[in-house]
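Q: Data: input_15.txt, compact mmCIF, C-alpha atoms.
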# COMPACT_ATOMS: atom_id res chain seq x y z
CA MET Z 224 43.98 -88.72 205.64
CA PRO Z 225 42.57 -87.05 208.75
CA ILE Z 226 39.27 -88.36 210.08
CA ALA Z 227 36.98 -86.74 212.62
CA GLY Z 228 33.99 -88.10 214.46
CA VAL Z 229 31.53 -85.37 215.35
CA VAL Z 230 28.08 -85.00 216.82
CA VAL Z 231 25.85 -82.55 214.98
CA ILE Z 232 23.19 -81.21 217.33
CA THR Z 233 20.06 -79.93 215.62
CA ASP Z 234 16.79 -78.22 216.27
CA LYS Z 235 14.60 -81.30 216.93
CA GLN Z 236 12.07 -80.21 214.32
CA LYS Z 237 14.76 -80.00 211.62
CA THR Z 238 16.76 -83.15 212.37
CA ASP Z 239 15.47 -85.10 209.35
CA LYS Z 240 16.28 -82.26 206.94
CA VAL Z 241 19.76 -81.80 208.44
CA LEU Z 242 20.39 -85.55 208.18
CA ASP Z 243 19.30 -85.51 204.54
CA MET Z 244 21.64 -82.62 203.72
CA LEU Z 245 24.57 -84.28 205.50
CA THR Z 246 24.12 -87.51 203.54
CA LYS Z 247 24.50 -85.54 200.30
CA MET Z 248 27.87 -84.04 201.26
CA GLU Z 249 31.14 -85.50 199.97
CA ASN Z 250 33.45 -87.15 202.51
CA VAL Z 251 30.66 -87.22 205.11
CA SER Z 252 29.23 -90.43 206.53
CA THR Z 253 26.27 -90.45 208.89
CA TYR Z 254 25.54 -93.14 211.47
CA GLY Z 255 22.08 -92.32 212.69
CA VAL Z 256 20.31 -90.10 215.16
CA HIS Z 257 20.66 -90.35 218.93
CA LYS Z 258 18.33 -88.69 221.45
CA GLU Z 259 16.13 -87.15 218.73
CA ASN Z 260 18.61 -84.44 217.66
CA HIS Z 261 22.19 -85.74 217.88
CA ILE Z 262 23.44 -86.91 214.47
CA ILE Z 263 26.54 -89.10 214.54
CA VAL Z 264 28.89 -88.11 211.69
CA VAL Z 265 32.36 -89.05 210.41
CA LEU Z 266 34.26 -86.52 208.28
CA GLU Z 267 37.24 -87.31 206.07
CA GLY Z 268 39.58 -84.73 204.56
CA GLU Z 269 42.91 -84.35 202.84
CA ASN Z 270 44.24 -82.32 205.79
CA THR Z 271 43.08 -80.87 209.09
CA GLU Z 272 42.27 -77.52 207.47
CA GLU Z 273 39.77 -79.29 205.22
CA LEU Z 274 38.11 -80.92 208.24
CA GLU Z 275 37.86 -77.52 209.93
CA ALA Z 276 36.31 -76.03 206.78
CA MET Z 277 33.78 -78.87 206.56
CA THR Z 278 32.81 -78.37 210.19
CA SER Z 279 32.39 -74.64 209.67
CA ARG Z 280 30.29 -75.20 206.52
CA ILE Z 281 27.99 -77.64 208.30
CA ASN Z 282 27.56 -75.23 211.20
CA ALA Z 283 26.99 -72.14 209.06
CA ASP Z 284 25.24 -73.41 205.93
CA ILE Z 285 22.74 -76.03 207.09
CA PRO Z 286 19.59 -74.56 208.64
CA GLY Z 287 18.68 -76.20 211.93
CA VAL Z 288 22.24 -77.03 213.03
CA LEU Z 289 22.82 -75.80 216.57
CA GLY Z 290 26.43 -76.96 216.76
CA VAL Z 291 29.08 -79.40 215.57
CA PHE Z 292 31.02 -81.06 218.37
CA PRO Z 293 34.12 -83.21 217.79
CA THR Z 294 34.32 -86.51 219.62
CA TYR Z 295 37.62 -87.68 218.11
CA VAL Z 296 40.12 -86.62 215.48
CA THR Z 297 42.89 -88.71 214.00
CA PHE Z 298 45.55 -87.26 211.74
CA GLU Z 299 48.21 -89.91 212.10
CA ASP Z 300 48.89 -90.10 208.35
CA GLU Z 301 49.25 -86.32 208.10
CA SER Z 302 51.83 -86.12 210.88
CA GLU Z 303 53.97 -88.83 209.22
CA GLU Z 304 54.42 -86.79 206.02
Please re-express this file's structure in structure tokens.
A:
Amino acid sequence: MPIAGVVVITDKQKTDKVLDMLTKMENVSTYGVHKENHIIVVLEGENTEELEAMTSRINADIPGVLGVFPTYVTFEDESEE
């Protein structure tokens, strides 16, 4: 199962709402806010395409998101199959 750590950068005035929406998403874990508008997030998917789709959805569908920036991606299990 691929896992990605990302930083979701938000409009500072909308950080709390973005954080709330992220916590309601499946296969998304949040780990707090850094520097007022950087939300630390871990995404899990069945394959890398699913991770890419989740990232795109977060970026496009959640008002106040300025960008989603990967910090690490591991897909060790996927490459073994």
Q: Taking only C-alpha atoms into account, which of Z:Val291, Z:Ala283, Z:Leu266, Z:Val296 comes nearest Met248 (chain Z)?
A: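 Using only C-alpha atoms, the shortest distance to Met248 (chain Z) belongs to Z:Leu266.
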Q: Determine the nearest neighbour of Ile232 (chain Z) from the options Z:Asn282, Z:Thr297, Z:Ser252, Z:Thr246, counting only C-alpha atoms.
A: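 Answer, going by the shortest atom-to-atom distance: Z:Asn282.
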Q: Nearest residue to Gly268 (chain Z) out of Z:Arg280, Z:Leu242, Z:Asn250, Z:Gln236, using only C-alpha atoms?
A: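 Going through Z:Arg280, Z:Leu242, Z:Asn250, Z:Gln236 one by one, the smallest distance to Gly268 (chain Z) is for Z:Asn250.
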Q: With all atoms listed in the file as the basis for distance, which of Z:Met224, Z:Val264, Z:Val251, Z:Met244 is at the shortest distance from Thr294 (chain Z)?
A: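 Of Z:Met224, Z:Val264, Z:Val251, Z:Met244, the one nearest Thr294 (chain Z), counting all atoms listed in the file, is Z:Val264.
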Q: Z:Lys247, Z:Val288, Z:Asn270, Z:Tyr295: which is nearest Val229 (chain Z), counting all atoms listed in the file?
A: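 Looking only at the distances to Val229 (chain Z), the closest residue turns out to be Z:Tyr295.
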Q: Select, from Z:Glu299, Z:Phe292, Z:Gly287, Z:Asp234, the residue with the minimum atom-to-atom distance to Lys258 (chain Z), counting only C-alpha atoms.
A: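 Result for the nearest residue to Lys258 (chain Z): Z:Asp234.
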Q: Just to confirm, what's the straight-line distance from CA of Glu269 (chain Z) to CA of Gly290 (chain Z) in Å (one decimal)?
A: 22.8 Å
Q: Can you tell me which residues surround Thr233 (chain Z) at a distance of at most 7 Å, considering all atoms listed in the file, apart from same-chain residues fewer than 3 positions away, and format the answer as a PDB file with C-alpha atoms, in the coordinates of the input?
A:
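Saved the output as selection_25.pdb:
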ATOM      1  CA  LYS Z 237      14.760 -80.000 211.620  1.00  0.00           C
ATOM      2  CA  THR Z 238      16.760 -83.150 212.370  1.00  0.00           C
ATOM      3  CA  ASN Z 260      18.610 -84.440 217.660  1.00  0.00           C
ATOM      4  CA  HIS Z 261      22.190 -85.740 217.880  1.00  0.00           C
ATOM      5  CA  GLY Z 287      18.680 -76.200 211.930  1.00  0.00           C
ATOM      6  CA  VAL Z 288      22.240 -77.030 213.030  1.00  0.00           C
ATOM      7  CA  LEU Z 289      22.820 -75.800 216.570  1.00  0.00           C
TER       8      LEU Z 289
END
Q: Calculate how many Å separate CA of Thr278 (chain Z) from CA of Glu259 (chain Z), rounding to one decimal.
A: 20.7 Å
Q: Rebuild region 263-298 of chain Z to N, CA and C atoms - output it as a PDB file, keeping the file's coordinate frame, please.
A:
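To be explicit, this is the file written out as selection.pdb:
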ATOM      1  N   ILE Z 263      25.178 -88.580 214.457  1.00  0.00           N
ATOM      2  CA  ILE Z 263      26.540 -89.100 214.540  1.00  0.00           C
ATOM      3  C   ILE Z 263      27.142 -89.048 213.130  1.00  0.00           C
ATOM      4  N   VAL Z 264      28.305 -88.381 213.001  1.00  0.00           N
ATOM      5  CA  VAL Z 264      28.890 -88.110 211.690  1.00  0.00           C
ATOM      6  C   VAL Z 264      30.397 -88.391 211.715  1.00  0.00           C
ATOM      7  N   VAL Z 265      30.913 -88.913 210.601  1.00  0.00           N
ATOM      8  CA  VAL Z 265      32.360 -89.050 210.410  1.00  0.00           C
ATOM      9  C   VAL Z 265      32.739 -88.224 209.185  1.00  0.00           C
ATOM     10  N   LEU Z 266      33.751 -87.376 209.353  1.00  0.00           N
ATOM     11  CA  LEU Z 266      34.260 -86.520 208.280  1.00  0.00           C
ATOM     12  C   LEU Z 266      35.636 -86.992 207.871  1.00  0.00           C
ATOM     13  N   GLU Z 267      35.914 -86.964 206.581  1.00  0.00           N
ATOM     14  CA  GLU Z 267      37.240 -87.310 206.070  1.00  0.00           C
ATOM     15  C   GLU Z 267      37.730 -86.164 205.205  1.00  0.00           C
ATOM     16  N   GLY Z 268      39.021 -85.811 205.363  1.00  0.00           N
ATOM     17  CA  GLY Z 268      39.580 -84.730 204.560  1.00  0.00           C
ATOM     18  C   GLY Z 268      41.011 -85.015 204.174  1.00  0.00           C
ATOM     19  N   GLU Z 269      41.516 -84.220 203.266  1.00  0.00           N
ATOM     20  CA  GLU Z 269      42.910 -84.350 202.840  1.00  0.00           C
ATOM     21  C   GLU Z 269      43.880 -83.839 203.895  1.00  0.00           C
ATOM     22  N   ASN Z 270      43.409 -82.888 204.725  1.00  0.00           N
ATOM     23  CA  ASN Z 270      44.240 -82.320 205.790  1.00  0.00           C
ATOM     24  C   ASN Z 270      43.319 -81.759 206.874  1.00  0.00           C
ATOM     25  N   THR Z 271      43.899 -81.349 207.974  1.00  0.00           N
ATOM     26  CA  THR Z 271      43.080 -80.870 209.090  1.00  0.00           C
ATOM     27  C   THR Z 271      42.350 -79.574 208.746  1.00  0.00           C
ATOM     28  N   GLU Z 272      42.935 -78.761 207.886  1.00  0.00           N
ATOM     29  CA  GLU Z 272      42.270 -77.520 207.470  1.00  0.00           C
ATOM     30  C   GLU Z 272      40.966 -77.834 206.740  1.00  0.00           C
ATOM     31  N   GLU Z 273      40.977 -78.893 205.931  1.00  0.00           N
ATOM     32  CA  GLU Z 273      39.770 -79.290 205.220  1.00  0.00           C
ATOM     33  C   GLU Z 273      38.688 -79.757 206.203  1.00  0.00           C
ATOM     34  N   LEU Z 274      39.086 -80.490 207.223  1.00  0.00           N
ATOM     35  CA  LEU Z 274      38.110 -80.920 208.240  1.00  0.00           C
ATOM     36  C   LEU Z 274      37.514 -79.700 208.944  1.00  0.00           C
ATOM     37  N   GLU Z 275      38.350 -78.740 209.274  1.00  0.00           N
ATOM     38  CA  GLU Z 275      37.860 -77.520 209.930  1.00  0.00           C
ATOM     39  C   GLU Z 275      36.888 -76.773 209.028  1.00  0.00           C
ATOM     40  N   ALA Z 276      37.201 -76.705 207.731  1.00  0.00           N
ATOM     41  CA  ALA Z 276      36.310 -76.030 206.780  1.00  0.00           C
ATOM     42  C   ALA Z 276      34.982 -76.755 206.663  1.00  0.00           C
ATOM     43  N   MET Z 277      35.013 -78.090 206.646  1.00  0.00           N
ATOM     44  CA  MET Z 277      33.780 -78.870 206.560  1.00  0.00           C
ATOM     45  C   MET Z 277      32.910 -78.620 207.796  1.00  0.00           C
ATOM     46  N   THR Z 278      33.536 -78.616 208.943  1.00  0.00           N
ATOM     47  CA  THR Z 278      32.810 -78.370 210.190  1.00  0.00           C
ATOM     48  C   THR Z 278      32.169 -76.996 210.175  1.00  0.00           C
ATOM     49  N   SER Z 279      32.918 -76.003 209.740  1.00  0.00           N
ATOM     50  CA  SER Z 279      32.390 -74.640 209.670  1.00  0.00           C
ATOM     51  C   SER Z 279      31.230 -74.538 208.686  1.00  0.00           C
ATOM     52  N   ARG Z 280      31.360 -75.215 207.518  1.00  0.00           N
ATOM     53  CA  ARG Z 280      30.290 -75.200 206.520  1.00  0.00           C
ATOM     54  C   ARG Z 280      29.019 -75.835 207.064  1.00  0.00           C
ATOM     55  N   ILE Z 281      29.166 -76.972 207.732  1.00  0.00           N
ATOM     56  CA  ILE Z 281      27.990 -77.640 208.300  1.00  0.00           C
ATOM     57  C   ILE Z 281      27.309 -76.709 209.301  1.00  0.00           C
ATOM     58  N   ASN Z 282      28.092 -76.101 210.149  1.00  0.00           N
ATOM     59  CA  ASN Z 282      27.560 -75.230 211.200  1.00  0.00           C
ATOM     60  C   ASN Z 282      26.891 -73.987 210.622  1.00  0.00           C
ATOM     61  N   ALA Z 283      27.484 -73.403 209.588  1.00  0.00           N
ATOM     62  CA  ALA Z 283      26.990 -72.140 209.060  1.00  0.00           C
ATOM     63  C   ALA Z 283      25.941 -72.287 207.957  1.00  0.00           C
ATOM     64  N   ASP Z 284      26.043 -73.342 207.145  1.00  0.00           N
ATOM     65  CA  ASP Z 284      25.240 -73.410 205.930  1.00  0.00           C
ATOM     66  C   ASP Z 284      24.017 -74.317 205.988  1.00  0.00           C
ATOM     67  N   ILE Z 285      23.887 -75.120 207.017  1.00  0.00           N
ATOM     68  CA  ILE Z 285      22.740 -76.030 207.090  1.00  0.00           C
ATOM     69  C   ILE Z 285      21.760 -75.504 208.137  1.00  0.00           C
ATOM     70  N   PRO Z 286      20.586 -75.067 207.681  1.00  0.00           N
ATOM     71  CA  PRO Z 286      19.590 -74.560 208.640  1.00  0.00           C
ATOM     72  C   PRO Z 286      19.180 -75.651 209.625  1.00  0.00           C
ATOM     73  N   GLY Z 287      19.084 -75.263 210.886  1.00  0.00           N
ATOM     74  CA  GLY Z 287      18.680 -76.200 211.930  1.00  0.00           C
ATOM     75  C   GLY Z 287      19.835 -76.785 212.713  1.00  0.00           C
ATOM     76  N   VAL Z 288      21.074 -76.546 212.279  1.00  0.00           N
ATOM     77  CA  VAL Z 288      22.240 -77.030 213.030  1.00  0.00           C
ATOM     78  C   VAL Z 288      22.502 -76.067 214.184  1.00  0.00           C
ATOM     79  N   LEU Z 289      22.530 -76.611 215.386  1.00  0.00           N
ATOM     80  CA  LEU Z 289      22.820 -75.800 216.570  1.00  0.00           C
ATOM     81  C   LEU Z 289      24.302 -75.812 216.920  1.00  0.00           C
ATOM     82  N   GLY Z 290      25.002 -76.871 216.493  1.00  0.00           N
ATOM     83  CA  GLY Z 290      26.430 -76.960 216.760  1.00  0.00           C
ATOM     84  C   GLY Z 290      27.016 -78.254 216.247  1.00  0.00           C
ATOM     85  N   VAL Z 291      28.328 -78.217 216.008  1.00  0.00           N
ATOM     86  CA  VAL Z 291      29.080 -79.400 215.570  1.00  0.00           C
ATOM     87  C   VAL Z 291      30.164 -79.629 216.608  1.00  0.00           C
ATOM     88  N   PHE Z 292      30.133 -80.798 217.245  1.00  0.00           N
ATOM     89  CA  PHE Z 292      31.020 -81.060 218.370  1.00  0.00           C
ATOM     90  C   PHE Z 292      31.894 -82.279 218.105  1.00  0.00           C
ATOM     91  N   PRO Z 293      33.213 -82.082 218.040  1.00  0.00           N
ATOM     92  CA  PRO Z 293      34.120 -83.210 217.790  1.00  0.00           C
ATOM     93  C   PRO Z 293      34.118 -84.196 218.949  1.00  0.00           C
ATOM     94  N   THR Z 294      34.177 -85.482 218.601  1.00  0.00           N
ATOM     95  CA  THR Z 294      34.320 -86.510 219.620  1.00  0.00           C
ATOM     96  C   THR Z 294      35.687 -87.177 219.519  1.00  0.00           C
ATOM     97  N   TYR Z 295      36.242 -87.218 218.296  1.00  0.00           N
ATOM     98  CA  TYR Z 295      37.620 -87.680 218.110  1.00  0.00           C
ATOM     99  C   TYR Z 295      38.144 -87.167 216.775  1.00  0.00           C
ATOM    100  N   VAL Z 296      39.445 -87.013 216.711  1.00  0.00           N
ATOM    101  CA  VAL Z 296      40.120 -86.620 215.480  1.00  0.00           C
ATOM    102  C   VAL Z 296      41.398 -87.435 215.385  1.00  0.00           C
ATOM    103  N   THR Z 297      41.643 -88.004 214.210  1.00  0.00           N
ATOM    104  CA  THR Z 297      42.890 -88.710 214.000  1.00  0.00           C
ATOM    105  C   THR Z 297      43.548 -88.141 212.746  1.00  0.00           C
ATOM    106  N   PHE Z 298      44.801 -87.806 212.874  1.00  0.00           N
ATOM    107  CA  PHE Z 298      45.550 -87.260 211.740  1.00  0.00           C
ATOM    108  C   PHE Z 298      46.924 -87.889 211.687  1.00  0.00           C
TER     109      PHE Z 298
END
